[in-house]
Amino acid sequence: MEWQLSSEERNYLRGLAKKQAEYAALPIMADRKKMWYELNDGRGGTRVPMIVETWTFDRDFMPESIFRCPPGLARGLERQLLRNIRNHELMNDDKVMPDYFPTHWFMEIDELGVKIETKYIADSDGVTTGYSFEHPIKDLSRDLELLKPATCKVDREKSFRYRDFISELFDGILDVRLEGGLGPYSMLTQRVVKLMGMEAYFMAMLEEPEKMHQLMAFLRDNCLRIWKWLEQEKMLRANHANHQSFGSSYNFTTALNTPADLNTPVSLSDIFGASNSQETVGLSPEMYHEFCFPYYRDVAEPLGLLYYGCCEPVHPFWDDVIRYPHLKKVSISRWCDEGFVGERLRGTDIVFSRKPDPNFLGADQVLREDAWRTHIAETLRATRDVQLEIIVRDVYSVHGNLGKPRRAIEIAREEIAKAGRS
């Protein structure tokens with residue numbers, strides 16, 4: 001047997017699956033779905049959703065003490081179910097409890113033809129947080145030829161066998177779907193920095209602009225090559241229901257083709273995709289326009305909808321960002337000029353995907369409630385008549401105080417209600 005579970009593990013996991021299914025059937029989950037559909041479909045007067053992303057502070061949210069299964073297959077399934085259950089019980093934000101269990105393709109993609117070694121280091125609590133790359137490109141003119149077009153393969157039979165194994169495990173409780181997404185390949189400048197490092201990247205734009213354009217064109221074409229392979233191999237599945245294109249932002253929308261059977265393959269034009277360029281913080285708008293915009297534009301073109309951005313401030317490059325094809329959501333981080341973007345999105349159906357300052361939840365043992373309340377109120381003022389979602393990310397510890405993020409959610413909802421947006 002490829003995958004085995006003891007009778008005790010099966011019974012325990014089925015019990016967790018039943019709890020997830022019960023939570024998924026609660027009326028509040030239907031209300032949240034409606035809210036997300038209204039937001040993403042651009043309907044006015046939508047309630048502002050509030051999310052706290054928990055995986056970055058798993059030392060607090062998913063401590064070793066909560067698990068009953070030993071490391072391995074059972075532990076992985078337990079973790080997936082407990083994450084959903086605990087989010088509802090402990091956070092109670094606007095995530096929608098899944099009424100199904102996802103599985104994924106067993107595939108291998110050699111993206112660049114070179115190995116990028118990653119070194120990790122643990123923090124003072126022993127949690128692996130810091131990392132660095134061993135860059136394979138030391139000299140761009142010489143080493144560009146090291147890169148090779150992506151090679152891709154999938155083990156379909158194994159993927160189907162695993163799906164069927166999980167289907168049998170949760171039979172009568174949760175549906176099981178084999179899902180297929182796009183992967184991280186559209187984060188082009190992330191790949192540049194992994195390949196050559198930030199300093200070398202910035203210098204190359206000045207000293208070797210033609211080679212830099214060659215590298216960006218290769219990465220663009222390589223991303224599209226992988227995506228076309230996924231499409232041709234019929235591995236893509238609709239991701240505009242209870243899915244996230246990026247960063248805990250939910251995709252519920254009626255704007256894309258929805259097959260009657262969600263196990264049906266779809267095209268790139270049916271996909272809600274994502275892209276960002278965090279590494280270009282500090283570039284001038286002119287250099288972003290020359291070295292980034294054309295390549296990111298081409299990557300976005302075949303998609304159905306686009307979520308753009310992550311932690312980088314987007315306002316310096318706004319004239320390009322707003323021109324990306326199929327733009328639906330823009331990440332507005334703590335370093336972004338909220339007022340600037342709010343003015344430019346007012347009256348559009350593009351979502352202002354606000355990422356509040358994570359220090360409020362991560363830096364102190366106790367939430368500074370008045371300061372947090374003011375922080376949220378500032379966002380609400382900047383986004384009057386703007387489609388808005390609020391997503392707290394990059395909190396790496398809550399110092400064992402899980403009441404802090406829950407209280408932050410409550411305060412944010414109070415301010416949302418006060419602003420007449422609940």
# chains A, B, ... in the order shown; residues from 1 in each chain; ligands from 1
$ residues_around --residues "Arg14 of chain A" --least-positions-apart "2" --cutoff "9 Å" --atoms "only C-alpha atoms" --output "MDAnalysis selection string"
chainID A and resid 9:12 16:19 169:171 173
$ closest_atom_pairs --of "segment 372-395 of chain A" --to "segment 406-422 of chain A" --cutoff "8 Å" --atoms "only C-alpha atoms" --output "CSV"
residue,atom,partner,partner_atom,distance
A:Trp372,CA,A:Ala408,CA,7.5
A:Arg373,CA,A:Ile411,CA,6.4
A:Ile376,CA,A:Ala412,CA,6.3
A:Ala377,CA,A:Glu415,CA,6.2
A:Leu380,CA,A:Ala419,CA,7.1
$ select_by_dssp --residues "segment 83-112 of chain A" --states "alpha helix (DSSP H)" --output "list in words"
Arg83, Asn84, Ile85 and Arg86 of chain A
$ residues_around --residues "Val299 of chain A" --least-positions-apart "4" --cutoff "10 Å" --atoms "only C-alpha atoms" --output "PDB file with C-alpha atoms, in the first residue's frame"
ATOM      1  CA  TYR A 185       6.312  31.202 -11.631  1.00  0.00           C
ATOM      2  CA  SER A 186       4.869  34.663 -12.396  1.00  0.00           C
ATOM      3  CA  MET A 187       6.871  36.289  -9.582  1.00  0.00           C
ATOM      4  CA  LEU A 188       9.592  37.111 -12.093  1.00  0.00           C
ATOM      5  CA  LEU A 219      11.685  34.171 -17.180  1.00  0.00           C
ATOM      6  CA  ARG A 220       8.500  35.477 -18.802  1.00  0.00           C
ATOM      7  CA  ASP A 221       8.617  32.854 -21.543  1.00  0.00           C
ATOM      8  CA  ASN A 222       9.445  30.137 -19.030  1.00  0.00           C
ATOM      9  CA  CYS A 223       6.445  31.038 -16.863  1.00  0.00           C
ATOM     10  CA  LEU A 224       4.159  30.959 -19.891  1.00  0.00           C
ATOM     11  CA  TRP A 227       1.346  27.469 -17.684  1.00  0.00           C
ATOM     12  CA  GLY A 273      -3.963  34.449 -11.159  1.00  0.00           C
ATOM     13  CA  ALA A 274      -1.433  36.488  -9.200  1.00  0.00           C
ATOM     14  CA  SER A 275       1.852  38.277  -9.673  1.00  0.00           C
ATOM     15  CA  PHE A 293       6.242  46.208 -16.888  1.00  0.00           C
ATOM     16  CA  PRO A 294       6.491  44.596 -20.360  1.00  0.00           C
ATOM     17  CA  TYR A 295       7.236  41.172 -18.925  1.00  0.00           C
ATOM     18  CA  LEU A 303      -5.302  35.028 -17.322  1.00  0.00           C
ATOM     19  CA  TYR A 324      -1.969  45.301 -16.187  1.00  0.00           C
ATOM     20  CA  PRO A 325      -4.486  43.158 -18.077  1.00  0.00           C
TER      21      PRO A 325
END
$ closest_atom_pairs --of "segment 29-55 of chain A" --to "segment 96-106 of chain A" --cutoff "8 Å" --atoms "only C-alpha atoms" --output "Markdown table"
| residue | atom | partner | partner_atom | distance |
| --- | --- | --- | --- | --- |
| A:Met29 | CA | A:Val96 | CA | 5.6 |
| A:Arg32 | CA | A:Val96 | CA | 6.4 |
| A:Lys33 | CA | A:Val96 | CA | 6.8 |
$ closest_atom_pairs --of "segment 239-292 of chain A" --to "segment 355-369 of chain A" --cutoff "12 Å" --atoms "only C-alpha atoms" --output "JSON lines"
{"residue": "A:Gly247", "atom": "CA", "partner": "A:Lys355", "partner_atom": "CA", "distance": 9.6}
{"residue": "A:Ser248", "atom": "CA", "partner": "A:Lys355", "partner_atom": "CA", "distance": 10.7}
{"residue": "A:Ser249", "atom": "CA", "partner": "A:Lys355", "partner_atom": "CA", "distance": 10.6}
$ write_last_selection --atoms "N, CA and C atoms" --output "PDB file, in the first residue's frame"
ATOM      1  N   GLY A 247      -2.184  35.280  -0.992  1.00  0.00           N
ATOM      2  CA  GLY A 247      -2.206  36.002   0.265  1.00  0.00           C
ATOM      3  C   GLY A 247      -3.511  36.025   1.013  1.00  0.00           C
ATOM      4  N   SER A 248      -4.238  34.908   1.081  1.00  0.00           N
ATOM      5  CA  SER A 248      -5.473  34.794   1.858  1.00  0.00           C
ATOM      6  C   SER A 248      -6.591  35.692   1.340  1.00  0.00           C
ATOM      7  N   SER A 249      -6.490  36.111   0.093  1.00  0.00           N
ATOM      8  CA  SER A 249      -7.556  36.872  -0.540  1.00  0.00           C
ATOM      9  C   SER A 249      -8.441  35.907  -1.312  1.00  0.00           C
TER      10      SER A 249
END
$ select_by_dssp --residues "segment 263-410 of chain A" --states "strand (DSSP E or B)" --output "list in words"
Pro265, Phe272, Gly273, Ala274, Ser275, Leu305, Leu306, Tyr307, Tyr308, Leu327, Lys328, Lys329, Val330, Ser331, Ile332, Val351, Phe352, Ser353, Arg354, Leu388, Glu389, Ile390, Ile391 and Val392 of chain A
$ closest_residue --among "A:Leu140, A:Ala24, A:Leu262, A:Leu147" --to "Asn84 of chain A" --atoms "only C-alpha atoms"
A:Ala24
$ closest_atom_pairs --of "segment 305-372 of chain A" --to "segment 39-53 of chain A" --cutoff "8 Å" --atoms "only C-alpha atoms" --output "JSON lines"
{"residue": "A:Lys328", "atom": "CA", "partner": "A:Asn40", "partner_atom": "CA", "distance": 7.8}
{"residue": "A:Thr348", "atom": "CA", "partner": "A:Gly42", "partner_atom": "CA", "distance": 7.8}
{"residue": "A:Asp349", "atom": "CA", "partner": "A:Gly42", "partner_atom": "CA", "distance": 4.6}
{"residue": "A:Ile350", "atom": "CA", "partner": "A:Gly42", "partner_atom": "CA", "distance": 7.4}
{"residue": "A:Val351", "atom": "CA", "partner": "A:Asn40", "partner_atom": "CA", "distance": 7.2}
$ atom_distance --atom1 "atom CA of Pro405 of chain A" --atom2 "atom CA of Arg334 of chain A"
17.6 Å
$ closest_residue --among "A:Ile109, A:Leu174, A:Met287, A:Cys292" --to "Leu230 of chain A" --atoms "only C-alpha atoms"
A:Ile109
$ closest_residue --among "A:Cys69, A:Ala238, A:Val330, A:Leu283" --to "Met203 of chain A" --atoms "only C-alpha atoms"
A:Leu283
$ residues_around --residues "Arg384 of chain A" --least-positions-apart "4" --cutoff "10 Å" --atoms "only C-alpha atoms" --output "list in words"
Gly342, Glu343, Leu345, Arg346, Gly347, Thr379, Leu380, Leu388, Ala419 and Arg421 of chain A
$ residues_around --residues "Tyr120 of chain A" --least-positions-apart "6" --cutoff "10 Å" --atoms "only C-alpha atoms" --output "ChimeraX atom specification"
/A:128-133
$ closest_residue --among "A:Leu306, A:Lys148, A:Asp58, A:His88" --to "Leu26 of chain A" --atoms "only C-alpha atoms"
A:His88
$ atom_distance --atom1 "atom CA of Lys228 of chain A" --atom2 "atom CA of Tyr296 of chain A"
16.3 Å
$ atom_distance --atom1 "atom CA of Gln190 of chain A" --atom2 "atom CA of Ala150 of chain A"
16.5 Å
